[in-house]
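This is input_0.txt (compact mmCIF, C-alpha atoms (C1' of nucleotides)).
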# COMPACT_ATOMS: atom_id res chain seq x y z
CA MET A 29 -18.42 -18.02 46.45
CA GLY A 30 -17.06 -19.58 43.27
CA SER A 31 -18.56 -22.88 42.31
CA LYS A 32 -15.23 -24.25 41.09
CA SER A 33 -12.77 -23.52 43.86
CA GLU A 34 -14.55 -25.62 46.44
CA LYS A 35 -15.76 -28.48 44.33
CA ALA A 36 -16.49 -31.47 46.50
CA SER A 37 -13.55 -33.54 45.24
CA ARG A 38 -14.39 -36.70 43.34
CA ARG A 39 -14.48 -40.09 44.85
CA PRO A 40 -10.97 -41.57 44.79
CA ARG A 41 -10.42 -43.87 41.86
CA ALA A 42 -10.76 -47.57 42.42
CA ASP A 43 -7.43 -48.42 40.85
CA SER A 44 -5.71 -45.88 43.04
CA ILE A 45 -7.04 -47.50 46.19
CA ARG A 46 -6.20 -50.95 44.94
CA ASN A 47 -2.67 -49.98 44.01
CA ARG A 48 -2.07 -48.34 47.33
CA GLU A 49 -3.06 -51.50 49.11
CA ARG A 50 -0.92 -53.63 46.85
CA LEU A 51 2.05 -51.38 47.47
CA LEU A 52 1.63 -51.54 51.21
CA GLU A 53 1.43 -55.29 51.12
CA ALA A 54 4.44 -55.59 48.86
CA ALA A 55 6.43 -53.15 50.97
CA THR A 56 5.71 -55.11 54.13
CA GLN A 57 7.00 -58.20 52.41
CA ILE A 58 10.10 -56.61 50.87
CA PHE A 59 11.08 -54.58 53.94
CA SER A 60 10.63 -57.65 56.12
CA ALA A 61 13.09 -59.59 54.04
CA GLY A 62 15.58 -56.89 53.21
CA GLY A 63 15.36 -54.29 55.94
CA PRO A 64 14.32 -50.67 55.57
CA GLN A 65 16.80 -49.88 52.80
CA ALA A 66 15.55 -52.54 50.41
CA SER A 67 15.04 -51.50 46.80
CA LEU A 68 11.92 -49.48 46.11
CA GLU A 69 11.90 -50.71 42.54
CA ALA A 70 11.62 -54.21 43.97
CA VAL A 71 8.60 -53.08 45.96
CA ALA A 72 6.96 -51.70 42.82
CA ARG A 73 7.78 -54.89 40.92
CA GLU A 74 6.35 -57.06 43.70
CA ALA A 75 3.20 -54.96 43.75
CA GLY A 76 2.91 -55.17 39.97
CA VAL A 77 2.85 -51.41 39.44
CA GLY A 78 5.23 -48.91 37.87
CA ILE A 79 7.84 -47.11 39.92
CA GLY A 80 6.09 -43.84 39.21
CA THR A 81 2.95 -45.11 40.89
CA LEU A 82 4.91 -45.99 43.98
CA TYR A 83 6.34 -42.50 44.19
CA ARG A 84 2.97 -40.88 43.68
CA HIS A 85 1.48 -42.76 46.59
CA PHE A 86 4.55 -42.49 48.81
CA PRO A 87 6.74 -39.54 47.85
CA THR A 88 9.65 -40.66 50.01
CA ARG A 89 11.03 -43.90 51.34
CA GLU A 90 10.14 -42.69 54.80
CA ALA A 91 6.52 -42.12 53.87
CA LEU A 92 6.21 -45.69 52.66
CA PHE A 93 8.06 -46.99 55.63
CA GLU A 94 5.86 -45.07 58.02
CA ALA A 95 2.72 -46.42 56.43
CA VAL A 96 3.99 -49.98 56.76
CA TYR A 97 5.07 -49.47 60.32
CA ARG A 98 1.81 -47.83 61.38
CA HIS A 99 -0.04 -50.76 59.96
CA GLU A 100 2.00 -53.24 62.01
CA VAL A 101 1.44 -51.20 65.15
CA ASP A 102 -2.28 -51.11 64.45
CA LEU A 103 -2.35 -54.88 64.08
CA LEU A 104 -0.74 -55.25 67.50
CA GLY A 105 -3.22 -52.80 68.95
CA ASP A 106 -6.12 -54.76 67.49
CA LEU A 107 -4.67 -57.99 68.79
CA ALA A 108 -4.58 -56.54 72.30
CA GLU A 109 -8.25 -55.71 72.08
CA GLN A 110 -9.02 -59.25 71.00
CA LEU A 111 -6.94 -60.75 73.78
CA ALA A 112 -8.69 -58.53 76.30
CA GLN A 113 -11.68 -60.86 75.84
CA GLU A 114 -9.87 -63.87 77.27
CA THR A 115 -10.65 -64.88 80.82
CA ASP A 116 -7.09 -65.67 81.87
CA THR A 117 -5.67 -62.16 82.16
CA VAL A 118 -2.05 -63.15 82.69
CA GLU A 119 -2.07 -65.55 79.75
CA ALA A 120 -3.53 -62.82 77.56
CA LEU A 121 -0.68 -60.50 78.47
CA ARG A 122 1.87 -63.23 77.87
CA LYS A 123 0.41 -64.01 74.47
CA TRP A 124 0.52 -60.42 73.42
CA LEU A 125 4.16 -60.06 74.39
CA GLN A 126 5.00 -63.28 72.60
CA ALA A 127 3.25 -62.01 69.50
CA ASN A 128 5.62 -59.06 69.58
CA VAL A 129 8.63 -61.34 69.71
CA ARG A 130 7.32 -63.44 66.85
CA LEU A 131 6.55 -60.40 64.74
CA VAL A 132 10.08 -59.10 65.09
CA ALA A 133 11.57 -62.55 64.62
CA THR A 134 9.64 -63.22 61.41
CA LYS A 135 10.62 -59.92 59.92
CA LYS A 136 14.35 -59.79 59.63
CA GLY A 137 14.39 -56.12 58.82
CA MET A 138 12.26 -55.18 61.80
CA ILE A 139 15.07 -54.56 64.27
CA GLU A 140 16.80 -52.12 61.99
CA ALA A 141 13.39 -50.65 61.36
CA LEU A 142 12.74 -50.13 65.05
CA GLN A 143 16.03 -48.30 65.38
CA LEU A 144 15.08 -46.14 62.44
CA VAL A 145 11.78 -45.31 64.07
CA ALA A 146 13.46 -44.58 67.39
CA HIS A 147 15.51 -41.80 65.82
CA GLY A 148 13.11 -40.67 63.14
CA SER A 149 9.82 -38.82 62.72
CA SER A 150 8.50 -37.93 66.14
CA ASP A 151 4.96 -38.03 64.80
CA LEU A 152 5.32 -41.70 64.13
CA LYS A 153 7.18 -42.17 67.36
CA ALA A 154 4.41 -40.52 69.34
CA TYR A 155 1.74 -42.47 67.52
CA SER A 156 3.35 -45.86 68.02
CA PHE A 157 4.30 -45.10 71.60
CA GLU A 158 0.74 -44.20 72.38
CA ARG A 159 -0.75 -47.14 70.56
CA MET A 160 1.66 -49.62 72.15
CA THR A 161 1.38 -48.33 75.70
CA GLY A 162 -2.37 -48.25 75.16
CA ALA A 163 -2.38 -51.91 74.18
CA ILE A 164 -0.18 -52.86 77.09
CA GLY A 165 -2.21 -50.79 79.51
CA LEU A 166 -5.38 -52.51 78.44
CA LEU A 167 -4.02 -55.96 79.24
CA LEU A 168 -2.06 -54.86 82.27
CA ASP A 169 -4.95 -53.11 83.99
CA ARG A 170 -7.15 -56.14 83.60
CA ALA A 171 -4.55 -58.38 85.20
CA VAL A 172 -3.97 -55.92 88.02
CA ALA A 173 -7.69 -55.48 88.58
CA ALA A 174 -8.03 -59.26 88.74
CA GLY A 175 -5.43 -59.24 91.49
CA GLU A 176 -3.15 -61.48 89.47
CA ILE A 177 -0.07 -59.31 89.23
CA ARG A 178 1.70 -56.54 91.10
CA SER A 179 0.44 -53.05 90.53
CA ASP A 180 3.64 -50.97 90.52
CA ILE A 181 4.65 -51.58 86.90
CA SER A 182 3.57 -49.05 84.31
CA PRO A 183 2.87 -49.77 80.65
CA GLU A 184 5.89 -47.61 79.80
CA ASP A 185 8.13 -49.78 81.97
CA LEU A 186 6.89 -52.85 80.20
CA LEU A 187 7.35 -51.34 76.77
CA ARG A 188 10.89 -50.31 77.58
CA THR A 189 11.65 -53.77 78.85
CA LEU A 190 10.31 -55.23 75.64
CA VAL A 191 12.43 -52.94 73.53
CA GLY A 192 15.41 -53.82 75.70
CA ILE A 193 14.84 -57.49 75.05
CA PHE A 194 14.75 -56.84 71.31
CA TYR A 195 17.75 -54.61 71.34
CA SER A 196 20.05 -56.88 73.29
CA GLN A 197 19.34 -59.70 70.88
CA GLY A 198 19.04 -59.55 67.13
CA THR A 199 21.51 -62.18 66.05
CA VAL A 200 20.70 -65.67 64.83
CA ASP A 201 18.28 -67.78 66.77
CA TRP A 202 17.45 -65.24 69.41
CA GLN A 203 13.74 -65.94 69.31
CA PRO A 204 13.81 -68.75 71.91
CA THR A 205 15.85 -66.60 74.26
CA ALA A 206 13.53 -63.66 73.83
CA LEU A 207 10.47 -65.82 74.44
CA ARG A 208 12.10 -67.18 77.57
CA LEU A 209 12.85 -63.70 78.82
CA VAL A 210 9.26 -62.70 78.25
CA ASP A 211 8.14 -65.73 80.24
CA VAL A 212 10.48 -64.95 83.09
CA PHE A 213 9.29 -61.40 83.11
CA VAL A 214 5.61 -62.25 83.11
CA ASP A 215 6.16 -64.82 85.86
CA GLY A 216 8.04 -62.14 87.76
CA LEU A 217 5.05 -59.84 87.49
CA ARG A 218 2.81 -62.31 89.31
CA LYS A 219 1.97 -61.65 92.90
CA ARG A 220 3.87 -64.18 94.99
CA MET B 14 62.54 -74.17 50.89
CA GLY B 15 62.78 -72.41 47.51
CA SER B 16 64.69 -69.17 47.61
CA LYS B 17 61.86 -67.33 45.88
CA SER B 18 58.79 -68.36 47.79
CA GLU B 19 59.97 -66.85 51.03
CA LYS B 20 61.61 -63.69 49.80
CA ALA B 21 61.70 -61.13 52.56
CA SER B 22 58.91 -58.94 51.11
CA ARG B 23 59.78 -55.38 50.24
CA ARG B 24 59.16 -52.45 52.50
CA PRO B 25 55.59 -51.16 51.92
CA ARG B 26 55.56 -48.22 49.58
CA ALA B 27 55.44 -44.76 51.08
CA ASP B 28 52.50 -43.63 48.97
CA SER B 29 50.53 -46.67 50.03
CA ILE B 30 50.94 -45.87 53.69
CA ARG B 31 50.15 -42.23 53.12
CA ASN B 32 47.00 -43.01 51.15
CA ARG B 33 45.78 -45.45 53.73
CA GLU B 34 46.06 -42.80 56.41
CA ARG B 35 44.35 -40.22 54.25
CA LEU B 36 41.51 -42.61 53.55
CA LEU B 37 41.04 -43.37 57.21
CA GLU B 38 40.95 -39.70 58.08
CA ALA B 39 38.53 -38.92 55.27
CA ALA B 40 36.31 -41.86 56.18
CA THR B 41 36.12 -40.72 59.79
CA GLN B 42 35.03 -37.33 58.58
CA ILE B 43 32.51 -38.55 56.01
CA PHE B 44 31.02 -41.28 58.17
CA SER B 45 30.69 -38.85 61.05
CA ALA B 46 28.64 -36.52 58.94
CA GLY B 47 26.64 -38.98 56.92
CA GLY B 48 26.42 -42.17 58.92
CA PRO B 49 27.79 -45.55 57.96
CA GLN B 50 26.10 -45.66 54.57
CA ALA B 51 27.65 -42.46 53.27
CA SER B 52 29.07 -42.55 49.76
CA LEU B 53 32.45 -44.26 49.41
CA GLU B 54 33.19 -42.21 46.35
CA ALA B 55 32.85 -39.18 48.59
CA VAL B 56 35.40 -40.70 50.93
CA ALA B 57 37.84 -41.25 48.07
CA ARG B 58 37.24 -37.70 46.82
CA GLU B 59 37.78 -36.27 50.31
CA ALA B 60 41.00 -38.26 50.63
CA GLY B 61 42.12 -37.12 47.18
CA VAL B 62 42.63 -40.62 45.81
CA GLY B 63 40.89 -42.71 43.16
CA ILE B 64 38.03 -44.99 44.03
CA GLY B 65 40.19 -47.96 43.04
CA THR B 66 42.71 -47.06 45.70
CA LEU B 67 40.01 -47.02 48.32
CA TYR B 68 38.84 -50.47 47.33
CA ARG B 69 42.39 -51.85 47.31
CA HIS B 70 42.98 -50.73 50.87
CA PHE B 71 39.51 -51.59 52.13
CA PRO B 72 37.85 -54.25 49.98
CA THR B 73 34.43 -53.75 51.54
CA ARG B 74 32.53 -50.98 53.20
CA GLU B 75 32.65 -52.99 56.39
CA ALA B 76 36.43 -53.25 56.28
CA LEU B 77 36.75 -49.50 56.06
CA PHE B 78 34.15 -49.01 58.69
CA GLU B 79 35.86 -51.43 61.03
CA ALA B 80 39.17 -49.68 60.64
CA VAL B 81 37.60 -46.34 61.47
CA TYR B 82 35.74 -47.72 64.44
CA ARG B 83 38.77 -49.56 65.83
CA HIS B 84 40.67 -46.32 65.65
CA GLU B 85 38.03 -44.48 67.66
CA VAL B 86 37.99 -47.22 70.26
CA ASP B 87 41.76 -47.10 70.49
CA LEU B 88 41.67 -43.37 71.07
CA LEU B 89 39.28 -43.86 73.97
CA GLY B 90 41.52 -46.58 75.36
CA ASP B 91 44.54 -44.30 75.17
CA LEU B 92 42.59 -41.51 76.81
CA ALA B 93 41.79 -43.81 79.73
CA GLU B 94 45.47 -44.53 80.22
CA GLN B 95 46.22 -40.83 80.26
CA LEU B 96 43.44 -40.09 82.71
CA ALA B 97 44.71 -42.87 84.97
CA GLN B 98 47.55 -40.49 85.85
CA GLU B 99 45.25 -37.94 87.46
CA THR B 100 45.09 -37.86 91.23
CA ASP B 101 41.34 -37.39 91.54
CA THR B 102 40.14 -40.86 90.59
CA VAL B 103 36.43 -40.07 90.43
CA GLU B 104 37.00 -37.01 88.28
CA ALA B 105 39.10 -39.09 85.92
CA LEU B 106 36.28 -41.56 85.50
CA ARG B 107 33.76 -38.80 84.99
CA LYS B 108 35.93 -37.16 82.36
CA TRP B 109 36.31 -40.37 80.45
CA LEU B 110 32.57 -40.98 80.38
CA GLN B 111 31.98 -37.41 79.29
CA ALA B 112 34.49 -37.87 76.50
CA ASN B 113 32.36 -40.75 75.28
CA VAL B 114 29.26 -38.60 75.21
CA ARG B 115 31.08 -35.85 73.37
CA LEU B 116 32.51 -38.25 70.84
CA VAL B 117 29.10 -39.63 69.99
CA ALA B 118 27.53 -36.18 70.01
CA THR B 119 30.10 -34.72 67.62
CA LYS B 120 29.73 -37.56 65.18
CA LYS B 121 26.18 -37.65 63.97
CA GLY B 122 26.59 -41.01 62.33
CA MET B 123 28.04 -42.64 65.41
CA ILE B 124 24.79 -43.89 66.90
CA GLU B 125 23.80 -45.72 63.75
CA ALA B 126 27.36 -46.96 63.64
CA LEU B 127 27.15 -48.35 67.15
CA GLN B 128 24.02 -50.23 66.23
CA LEU B 129 25.74 -51.61 63.18
CA VAL B 130 28.62 -52.80 65.32
CA ALA B 131 26.23 -54.31 67.85
CA HIS B 132 24.77 -56.61 65.22
CA GLY B 133 27.83 -57.04 63.03
CA SER B 134 31.24 -58.70 62.97
CA SER B 135 31.80 -60.39 66.30
CA ASP B 136 35.56 -59.94 65.91
CA LEU B 137 35.10 -56.21 66.06
CA LYS B 138 32.50 -56.57 68.76
CA ALA B 139 34.84 -58.65 70.89
CA TYR B 140 37.73 -56.26 70.32
CA SER B 141 35.82 -53.14 71.18
CA PHE B 142 34.10 -54.76 74.13
CA GLU B 143 37.45 -55.80 75.54
CA ARG B 144 39.09 -52.49 74.88
CA MET B 145 36.23 -50.51 76.38
CA THR B 146 35.75 -52.64 79.46
CA GLY B 147 39.52 -52.56 79.87
CA ALA B 148 39.53 -48.77 79.82
CA ILE B 149 36.64 -48.59 82.25
CA GLY B 150 38.16 -51.21 84.51
CA LEU B 151 41.38 -49.25 84.71
CA LEU B 152 39.63 -46.12 85.94
CA LEU B 153 37.09 -47.96 88.03
CA ASP B 154 39.60 -50.06 89.94
CA ARG B 155 41.62 -47.05 90.86
CA ALA B 156 38.59 -45.28 92.25
CA VAL B 157 37.50 -48.37 94.16
CA ALA B 158 41.01 -48.92 95.52
CA ALA B 159 41.04 -45.31 96.67
CA GLY B 160 37.85 -46.04 98.59
CA GLU B 161 35.99 -43.35 96.68
CA ILE B 162 33.20 -45.41 95.14
CA ARG B 163 31.22 -48.57 95.81
CA SER B 164 32.82 -51.82 94.74
CA ASP B 165 29.87 -53.81 93.44
CA ILE B 166 29.69 -52.31 89.96
CA SER B 167 31.52 -54.10 87.17
CA PRO B 168 33.04 -52.49 84.08
CA GLU B 169 30.44 -54.38 82.03
CA ASP B 170 27.62 -52.84 84.04
CA LEU B 171 29.04 -49.42 83.44
CA LEU B 172 29.50 -50.02 79.73
CA ARG B 173 25.94 -51.22 79.36
CA THR B 174 24.70 -48.19 81.23
CA LEU B 175 26.65 -45.98 78.89
CA VAL B 176 25.23 -47.67 75.82
CA GLY B 177 21.78 -47.39 77.36
CA ILE B 178 22.26 -43.66 77.78
CA PHE B 179 23.28 -43.38 74.13
CA TYR B 180 20.48 -45.53 72.88
CA SER B 181 17.68 -43.82 74.71
CA GLN B 182 18.76 -40.48 73.31
CA GLY B 183 19.93 -39.68 69.82
CA THR B 184 17.63 -36.86 68.83
CA VAL B 185 18.52 -33.20 68.69
CA ASP B 186 20.24 -31.63 71.62
CA TRP B 187 20.57 -34.75 73.70
CA GLN B 188 24.15 -34.05 74.69
CA PRO B 189 23.29 -31.96 77.80
CA THR B 190 20.88 -34.63 78.99
CA ALA B 191 23.41 -37.38 78.45
CA LEU B 192 26.10 -35.44 80.28
CA ARG B 193 23.71 -34.89 83.15
CA LEU B 194 22.88 -38.58 83.29
CA VAL B 195 26.56 -39.40 83.40
CA ASP B 196 26.98 -36.96 86.27
CA VAL B 197 24.08 -38.45 88.18
CA PHE B 198 25.46 -41.90 87.63
CA VAL B 199 28.97 -41.05 88.75
CA ASP B 200 27.62 -39.27 91.82
CA GLY B 201 25.52 -42.34 92.52
CA LEU B 202 28.62 -44.48 92.41
CA ARG B 203 30.19 -42.55 95.26
CA LYS B 204 30.19 -44.11 98.68
CA ARG B 205 27.70 -42.23 100.78
C1' DT C 22 70.54 -46.04 36.86
C1' DG C 23 67.58 -49.50 35.20
C1' DA C 24 64.28 -53.37 36.34
C1' DT C 25 60.24 -54.67 38.45
C1' DA C 26 56.93 -55.36 42.00
C1' DA C 27 53.49 -52.64 43.88
C1' DA C 28 50.21 -49.10 43.87
C1' DC C 29 47.48 -45.77 41.39
C1' DG C 30 43.41 -43.85 38.87
C1' DG C 31 39.32 -43.93 36.64
C1' DA C 32 36.51 -45.81 32.76
C1' DG C 33 32.74 -48.81 32.42
C1' DG C 34 28.90 -52.00 33.50
C1' DC C 35 25.29 -52.47 36.52
C1' DA C 36 21.79 -51.15 40.14
C1' DT C 37 19.03 -47.83 42.39
C1' DC C 38 17.02 -43.33 43.02
C1' DC C 39 13.61 -40.04 41.70
C1' DT C 40 11.35 -36.92 38.13
C1' DC C 41 8.70 -35.91 34.31
C1' DC C 42 5.25 -36.34 30.97
C1' DG C 43 2.59 -38.72 27.32
C1' DT C 44 -0.99 -42.23 27.65
C1' DA C 45 -4.85 -44.63 29.71
C1' DT C 46 -9.00 -44.87 32.38
C1' DA C 47 -12.48 -44.26 36.10
C1' DA C 48 -15.89 -41.02 37.53
C1' DA C 49 -18.85 -37.28 36.41
C1' DT C 50 -21.98 -35.23 33.23
C1' DA C 51 -25.24 -34.78 29.58
C1' DT D 22 -25.23 -44.58 26.97
C1' DA D 23 -21.73 -41.33 25.03
C1' DT D 24 -18.66 -37.71 26.10
C1' DT D 25 -15.75 -35.10 28.92
C1' DT D 26 -12.21 -34.47 32.19
C1' DA D 27 -9.83 -35.07 36.40
C1' DT D 28 -6.92 -38.47 38.02
C1' DA D 29 -3.79 -42.10 37.96
C1' DC D 30 -0.63 -44.96 35.44
C1' DG D 31 3.91 -46.57 33.51
C1' DG D 32 8.42 -46.31 32.44
C1' DA D 33 12.15 -43.69 30.00
C1' DG D 34 15.98 -41.06 31.39
C1' DG D 35 19.47 -38.40 33.98
C1' DA D 36 22.02 -38.62 38.21
C1' DT D 37 24.53 -41.06 41.56
C1' DG D 38 26.69 -44.94 43.81
C1' DC D 39 28.81 -49.64 43.78
C1' DC D 40 32.62 -52.39 42.50
C1' DT D 41 35.94 -54.51 38.96
C1' DC D 42 39.47 -54.46 35.77
C1' DC D 43 43.48 -53.05 33.57
C1' DG D 44 46.70 -49.78 31.40
C1' DT D 45 49.83 -46.37 33.51
C1' DT D 46 52.82 -44.58 37.06
C1' DT D 47 56.15 -44.87 40.69
C1' DA D 48 58.81 -46.32 44.79
C1' DT D 49 62.06 -49.66 46.00
C1' DC D 50 65.97 -52.58 45.24
C1' DA D 51 70.06 -54.21 42.94

How does the structure come out when it is put into structure tokens?
Amino acid sequence: MGSKSEKASRRPRADSIRNRERLLEAATQIFSAGGPQASLEAVAREAGVGIGTLYRHFPTREALFEAVYRHEVDLLGDLAEQLAQETDTVEALRKWLQANVRLVATKKGMIEALQLVAHGSSDLKAYSFERMTGAIGLLLDRAVAAGEIRSDISPEDLLRTLVGIFYSQGTVDWQPTALRLVDVFVDGLRKR
Amino acid sequence: MGSKSEKASRRPRADSIRNRERLLEAATQIFSAGGPQASLEAVAREAGVGIGTLYRHFPTREALFEAVYRHEVDLLGDLAEQLAQETDTVEALRKWLQANVRLVATKKGMIEALQLVAHGSSDLKAYSFERMTGAIGLLLDRAVAAGEIRSDISPEDLLRTLVGIFYSQGTVDWQPTALRLVDVFVDGLRKR
DNA sequence: TGATAAACGGAGGCATCCTCCGTATAAATA
DNA sequence: TATTTATACGGAGGATGCCTCCGTTTATCA
């Protein structure tokens, strides 16, 4: 076969990798502050690269947005794995749920973003659903196995509840309320 | 007390009234197709007026959007009053709920719009909440008074359920599912 | 039938979107 | 190390949208 057509593609360039990371970081920052329709030129500026570079790495706004969102979901997944080391299974679950509230609270644009995800790319939807229910399942199973909480609640139920808590709020100063609701819910999960 | 300061303002100009109506109609159309961030210049074009005229009547995008949304809510309120004439009280309620589903299904942008309302102007929120619960209450009370359905469901409960049905859907071809859910719910309301 | 208050239209200044292509540079090769 | 070349970079530029401002038009009123 030809020696050209299947050349074992070069190693990706260092600057390319660096710029991609910078863009992702900048986008997280800018989207957090301004919501998912913030200016892409602002993202490029923040990252210190040209607008053309942004578009090469992320051809559409959605592509960039997806990358950012996936990263956040991955962080939550990793956090769950960390928390699964703790001995107090119920506390671990509570902490993870609270981390979710704090994440959304810190990032103004996140609620709009969640809505966008809910009605957008079903690839991303499937991925984040799986990753999130996986994280929840991990913590939930441990607590159930330890005999600490009731066993008739599925990870999906919990995820939906969480989303419900986010959705019903979203105005100023909702974080305390949301944290309280999480507490009530976790307490409610306990075996009496 | 001056004779000038309180002059009995002229009759509004005919063209002004006409243009306002045209704009509202055009905006309903354009927002339905493109969601709440559709181009305002497109609205003006569709209405056949200059962009300046649009901005005079509706100084901000939100103002225009509010006017459109209020109009939709009013239509639903009026529909409830009509349906309150029907003899079959449960069917009347079912029809009204189905009309809601159809309205949202027809107007692509409506789901985004609802979310915008949910986190936006609390004037509009209060108005639409009142108008909607009023409409539901009208139909619900009749059915309860007729002894057709259980009496422990409030208009607010029903409204939240409706919004829940809208929120959980929103992708392609969700209308049949939503209609089915409405049916199930109405049947569930019946006294056994 | 004027006079005039009110409404109209759209040019213009600014921001953002996205594409295109000449220039720069990291990796491969000799 | 020097040269080649695939790859990535930056930003100008055309298109579109936002909103304001103001000269022109027109409906109402006397």

**Study point:** Interface residues on chain B facing chain D, 9 Å, all atoms listed in the file, written as a list in words
**Key:** Arg23, Arg24, Pro25, Arg26, Ala27, Asp28, Ser52, Leu53, Glu54, Gly65 and Tyr68 of chain B

Exercise for review: Determine, counting only C-alpha atoms (C1' of nucleotides), which protein, DNA and RNA residues have an atom within 10 Å of an atom of Glu176 (chain A); residues of the same chain fewer than 3 positions away are not included. Present the result as a list in words.
Suggested key: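 Near Glu176 (chain A), the qualifying residues are Asp116, Thr117, Val118, Leu168, Arg170, Ala171, Val172, Ala173, Ser179, Leu217, Arg218, Lys219 and Arg220 of chain A.
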
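If you count all atoms listed in the file and draw a sphere of 12 Å around (-8.3, -64.0, 78.3), the protein and nucleic acid residues inside it come out as Leu107, Ala108, Glu109, Gln110, Leu111, Ala112, Gln113, Glu114, Thr115, Asp116, Thr117, Val118, Glu119, Ala120, Leu121, Arg122, Lys123, Trp124, Leu166, Leu167, Leu168, Arg170, Ala171 and Ala174 of chain A.
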
Cut-off 7 Å: closest chain B/chain C atom pairs per residue, using only C-alpha atoms (C1' of nucleotides), as a tab-separated table:
residue	atom	partner	partner_atom	distance
B:Ser29	CA	C:DA28	C1'	6.6
B:Gly63	CA	C:DG30	C1'	5.1
B:Gly65	CA	C:DG30	C1'	6.7
B:Thr66	CA	C:DC29	C1'	6.6

Could you take the residues named above and write them with C-alpha atoms, as a PDB file, in the frame of the given file?
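Writing the result to selection-v6.pdb gives the following:
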ATOM      1  CA  SER B  29      50.530 -46.670  50.030  1.00  0.00           C
ATOM      2  CA  GLY B  63      40.890 -42.710  43.160  1.00  0.00           C
ATOM      3  CA  GLY B  65      40.190 -47.960  43.040  1.00  0.00           C
ATOM      4  CA  THR B  66      42.710 -47.060  45.700  1.00  0.00           C
TER       5      THR B  66
END

Practice item. Please measure the separation of CA of Ala148 (chain B) and CA of Gly90 (chain B), giving the value in Å to one decimal. Key: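 Going from CA of Ala148 (chain B) over to CA of Gly90 (chain B), I get 5.4 Å.
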
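Interatomic distance, CA of Phe78 (chain B) to CA of Phe194 (chain A): 24.4 Å.
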
Once all heavy atoms are restored for region 105-109 of chain B, what would the output be as a PDB file, keeping the file's coordinate frame?
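Here's the written file out-v3.pdb:
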ATOM      1  N   ALA B 105      38.533 -38.444  87.114  1.00  0.00           N
ATOM      2  CA  ALA B 105      39.100 -39.090  85.920  1.00  0.00           C
ATOM      3  C   ALA B 105      38.042 -39.961  85.247  1.00  0.00           C
ATOM      4  O   ALA B 105      37.863 -39.910  84.023  1.00  0.00           O
ATOM      5  CB  ALA B 105      40.313 -39.928  86.315  1.00  0.00           C
ATOM      6  N   LEU B 106      37.335 -40.719  86.052  1.00  0.00           N
ATOM      7  CA  LEU B 106      36.280 -41.560  85.500  1.00  0.00           C
ATOM      8  C   LEU B 106      35.193 -40.727  84.827  1.00  0.00           C
ATOM      9  O   LEU B 106      34.766 -40.995  83.703  1.00  0.00           O
ATOM     10  CB  LEU B 106      35.657 -42.411  86.624  1.00  0.00           C
ATOM     11  CG  LEU B 106      34.501 -43.314  86.219  1.00  0.00           C
ATOM     12  CD1 LEU B 106      34.934 -44.307  85.149  1.00  0.00           C
ATOM     13  CD2 LEU B 106      33.942 -44.049  87.433  1.00  0.00           C
ATOM     14  N   ARG B 107      34.790 -39.668  85.538  1.00  0.00           N
ATOM     15  CA  ARG B 107      33.760 -38.800  84.990  1.00  0.00           C
ATOM     16  C   ARG B 107      34.203 -38.210  83.653  1.00  0.00           C
ATOM     17  O   ARG B 107      33.441 -38.202  82.690  1.00  0.00           O
ATOM     18  CB  ARG B 107      33.462 -37.669  85.984  1.00  0.00           C
ATOM     19  CG  ARG B 107      32.263 -36.801  85.594  1.00  0.00           C
ATOM     20  CD  ARG B 107      32.246 -35.498  86.373  1.00  0.00           C
ATOM     21  NE  ARG B 107      32.348 -35.684  87.815  1.00  0.00           N
ATOM     22  CZ  ARG B 107      31.296 -35.849  88.621  1.00  0.00           C
ATOM     23  NH1 ARG B 107      30.094 -35.862  88.132  1.00  0.00           N
ATOM     24  NH2 ARG B 107      31.478 -35.993  89.917  1.00  0.00           N
ATOM     25  N   LYS B 108      35.429 -37.751  83.599  1.00  0.00           N
ATOM     26  CA  LYS B 108      35.930 -37.160  82.360  1.00  0.00           C
ATOM     27  C   LYS B 108      35.919 -38.150  81.207  1.00  0.00           C
ATOM     28  O   LYS B 108      35.593 -37.800  80.072  1.00  0.00           O
ATOM     29  CB  LYS B 108      37.357 -36.630  82.557  1.00  0.00           C
ATOM     30  CG  LYS B 108      37.419 -35.272  83.224  1.00  0.00           C
ATOM     31  CD  LYS B 108      38.864 -34.799  83.334  1.00  0.00           C
ATOM     32  CE  LYS B 108      38.992 -33.573  84.229  1.00  0.00           C
ATOM     33  NZ  LYS B 108      40.404 -33.327  84.613  1.00  0.00           N
ATOM     34  N   TRP B 109      36.279 -39.372  81.527  1.00  0.00           N
ATOM     35  CA  TRP B 109      36.310 -40.370  80.450  1.00  0.00           C
ATOM     36  C   TRP B 109      34.903 -40.634  79.906  1.00  0.00           C
ATOM     37  O   TRP B 109      34.680 -40.684  78.702  1.00  0.00           O
ATOM     38  CB  TRP B 109      36.934 -41.674  80.954  1.00  0.00           C
ATOM     39  CG  TRP B 109      37.171 -42.642  79.847  1.00  0.00           C
ATOM     40  CD1 TRP B 109      38.236 -42.667  78.990  1.00  0.00           C
ATOM     41  CD2 TRP B 109      36.307 -43.719  79.436  1.00  0.00           C
ATOM     42  NE1 TRP B 109      38.091 -43.686  78.083  1.00  0.00           N
ATOM     43  CE2 TRP B 109      36.921 -44.346  78.332  1.00  0.00           C
ATOM     44  CE3 TRP B 109      35.088 -44.207  79.903  1.00  0.00           C
ATOM     45  CZ2 TRP B 109      36.352 -45.444  77.678  1.00  0.00           C
ATOM     46  CZ3 TRP B 109      34.520 -45.293  79.253  1.00  0.00           C
ATOM     47  CH2 TRP B 109      35.148 -45.901  78.154  1.00  0.00           C
TER      48      TRP B 109
END
